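Have a look at the structure below before the remarks.
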Amino acid sequence: MSNWKIKLSLFINYFVFAILLNSVGTVILQVQGNYGVAEGDASVLEAFKDLSIAIVSFLVASYMVRIGYKRAMLIALAIVTAGCLLMTVFPSFATTKLLFAMVGTSFALIKVSVYATIGLVTENEKDHASFMNFIESFFMIGILTGYFVFASFVENGNPQSTAWLNVYYLLAGLSAAAFFLLFISPLDESSVQAAEAKPLLEDFADMFKLAVLPIVMVFIASAFLYVLIEQSIMSWLPTFNNKVLHLSTTLSIQMSSILAFSTAAGRFLAGVVLRQFHWYLVLTVCLLAAAGLVLVAIPLAQNVGTSEITSWSNAPLGAFVFPMIGLLLAPIYPAINSLILSSLPTNKHATMSGLIVVFSALGGTTGSLITGHIFEAYGGQSAFYFSLIPITLLLICLFFFNKQQQKTGQSAQINSVSGGH
């Protein structure tokens with residue numbers, strides 16, 4: 001297998017970041033016990049992660065060629081290794097916020113570099129598509145693994161225990177191993193080093209030209225709302241399991257993996273279903289079913305008793321049913337991303353990707369903040385009932401998105417506005 005060292009390094013990079021990025025929900029639960037942080041205050045961790053991703057992606061994307069893909073990935077791995085060690089040496093809520101800012105910054109470098117590097121280490125379109133699918137699947141494996149890794153370091157019945165912070169020694173070691181493997185792996189970037197990066201203001205102007213198109217505006221609203229829904233659930237599910245369903249801390253984290261598993265399954269099944277049916281029909285049915293699931297699952301959280309539950313076999317039905325919402329929400333984000341990109345000329349895909357990253361990050365931050373404050377003020381059940389509002393708004397946005405898709409001459413309009421470079 002050619003380029004096996006660099007390919008293995010890309011897999012490990014994504015695996016590490018899958019664990020760190022999706023540990024927000026677990027860490028939100030832990031900092032409440034360790035540092036006496038209220039739900040509303042803990043919700044800012046999502047902002048430190050997502051806003052860092054958005055800002056850094058926007059600022060460095062056009063300069064990545066000058067930095068060098070390998071160098072950018074090495075910088076990212078060094079940053080997260082240092083961040084993980086800081087968590088163990090200076091344990092505090094401030095350090096936790098700093099860690100997620102470092103993780104977000106690093107992931108922005110990693111994602112752009114990994115996607116660009118795939119084109120350098122694969123031989124043809126089929127090889128590229130295959131490797132891209134493998135690495136995205138490995139990301140999902142990292143998410144699933146992360147729940148069980150963190151859970152194994154948690155002490156049940158002792159919310160003040162800092163033993164869970166020892167997980168960061170493991171993650172620092174994994175990051176350092178990925179750094180070393182990447183450092184010794186040859187990567188020929190000569191084919192792209194001659195390319196000139198565009199000035200920042202020119203990148204911003206391109207994004208603005210795209211953003212004011214009606215179809216892009218509706219897409220941006222749709223992407224924002226989807227990620228708002230997804231992150232509000234993903235980031236607060238461990239806390240919901242613990243404080244509403246009275247699962248032990250370890251079990252709360254472990255059972256949150258059902259959401260990641262159902263999301264992965266939903267995206268796999270969507271690849272089959274979307275070949276047979278129109279996207280608007282599929283996504284509308286998914287959203288209506290998701291709303292129905294919320295109405296059915298949340299009442300199951302009532303009258304579950306107050307004694308701590310420590311076993312999967314004793315967990316209430318709601319702990320299994322509600323995370324299955326991932327199965328229904330999963331097809332939406334990839335589908336709308338594919339639709340908007342297919343509406344653009346290929347030379348505008350990078351600019352559109354920048355808009356996707358920025359507004360997805362803003363949606364994730366907004367969802368977590370709103371849910372955290374509702375959770376604190378009105379309780380977990382009200383916080384998850386809140387998801388019905390953005391689900392309704394997303395249904396409306398998809399209706400207009402479909403209308404824009406059907407309008408004749410849309411491609412010509414986009415080409416005329418985004419031509420030039």
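Letters A, B, ... go to the chains of the structure tokens in the order shown; residues in each chain start at 1; ligands are counted from 1 in the same order.
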Could you pull out the helix (DSSP H, G or I) residues of region 148-373 of chain A from DSSP and send them as a PyMOL selection string? chain A and resi 148-152+163-183+190-193+200-211+214-243+249-255+257-273+279-301+312-314+317-329+332-342+346-373
Using only C-alpha atoms, which protein or nucleic acid residues come within 8 Å of Phe224 (chain A)? Drop anything in the same chain fewer than 2 positions from it, and give the result as an mmCIF file with C-alpha atoms, in the first residue's frame.
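Result went into around_16.cif, see below:
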```cif
data_model
loop_
_atom_site.group_PDB
_atom_site.id
_atom_site.type_symbol
_atom_site.label_atom_id
_atom_site.label_comp_id
_atom_site.auth_asym_id
_atom_site.auth_seq_id
_atom_site.Cartn_x
_atom_site.Cartn_y
_atom_site.Cartn_z
ATOM 1 C CA ILE A 220 -27.357 28.912 5.338
ATOM 2 C CA ALA A 221 -30.517 29.130 7.451
ATOM 3 C CA SER A 222 -31.114 25.385 6.982
ATOM 4 C CA TYR A 226 -29.775 21.657 11.650
ATOM 5 C CA VAL A 227 -26.535 22.005 13.594
ATOM 6 C CA LEU A 228 -28.376 23.955 16.294
ATOM 7 C CA PHE A 359 -22.637 28.943 9.925
ATOM 8 C CA SER A 360 -22.509 25.354 11.148
ATOM 9 C CA ALA A 361 -20.236 26.469 13.964
ATOM 10 C CA LEU A 362 -22.543 29.370 14.820
ATOM 11 C CA GLY A 363 -25.516 26.993 14.850
ATOM 12 C CA GLY A 364 -23.750 24.559 17.159
#
```
With distances taken over only C-alpha atoms, which residue among A:Ala38, A:Leu181, A:Ala330, A:Ile370 lies nearest Leu10 (chain A)? A:Leu181
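Remark: for Leu274 (chain A), the closest of the candidate residues A:Leu339, A:Ala291, A:Leu251, A:Ile309 is A:Leu339 (distances computed over only C-alpha atoms).
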Using only C-alpha atoms, pick whichever of A:Leu237, A:Leu288, A:Ala72, A:Ile336 has the shortest atom-to-atom distance to Val27 (chain A).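 Ranked by minimum distance to Val27 (chain A), first place goes to A:Leu237.
Distance annotation: of A:Lys243, A:Pro214, A:Thr250, A:Ile118, the residue with the minimal separation from Asn158 (chain A) is A:Thr250; atom set is only C-alpha atoms.
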Point out the residue among A:Ser248, A:Ser232, A:Gln404, A:Asn22 with the least atom-to-atom distance to Pro390 (chain A), counting only C-alpha atoms.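 The shortest atom-to-atom distance to Pro390 (chain A) comes from A:Ser232.
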Would you pick out the contacts of His373 (chain A) at 10 Å or less, using only C-alpha atoms, so that residues sharing its chain but fewer than 4 positions from it are not included, and give the list as a list in words?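 Skipping anything fewer than 4 positions along the chain leaves Ala38, Glu39, Gly40, Asp41, Ala42, Ser43, Ser368, Leu369, Ala377, Tyr378, Gly379 and Ala383 of chain A.
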Compare A:Phe240, A:Leu21, A:Ala47, A:Ile55 by their minimum atom-to-atom distance to Phe139 (chain A), counting only C-alpha atoms, and give me the closest one. A:Leu21
Enter the distance from CA of Val167 (chain A) to CA of Phe320 (chain A), in Å, rounded to one decimal. 26.3 Å
Pick out the residues sitting within 12 Å of Val285 (chain A), and hand them over as a list in words; count only C-alpha atoms, and ignore anything fewer than 2 positions along from it in its own chain. Val273, Phe277, His278, Trp279, Tyr280, Leu281, Val282, Leu283, Leu287, Leu288, Ala289, Ala290, Ala291, Gly292, Leu328, Leu329, Pro331, Ile332, Ile391, Leu395 and Leu398 of chain A
Asn13 (chain A) environment, 8 Å, only C-alpha atoms, sequence neighbours closer than 6 positions dropped, as a ChimeraX atom specification: /A:77,110,175,178
Close residues, Trp236 (chain A) itself excluded, 6 Å, only C-alpha atoms, min 3 positions apart in chain, as JSON, numbers by chain: {"A": [25, 233, 239]}
Would you mind exporting the chosen residues as a PDB file, in the first residue's frame, restricted to C-alpha atoms?
```pdb
ATOM      1  CA  GLY A  25     -21.262  16.764  26.334  1.00  0.00           C
ATOM      2  CA  ILE A 233     -29.018  17.322  21.802  1.00  0.00           C
ATOM      3  CA  THR A 239     -26.446  15.734  31.463  1.00  0.00           C
TER       4      THR A 239
END
```
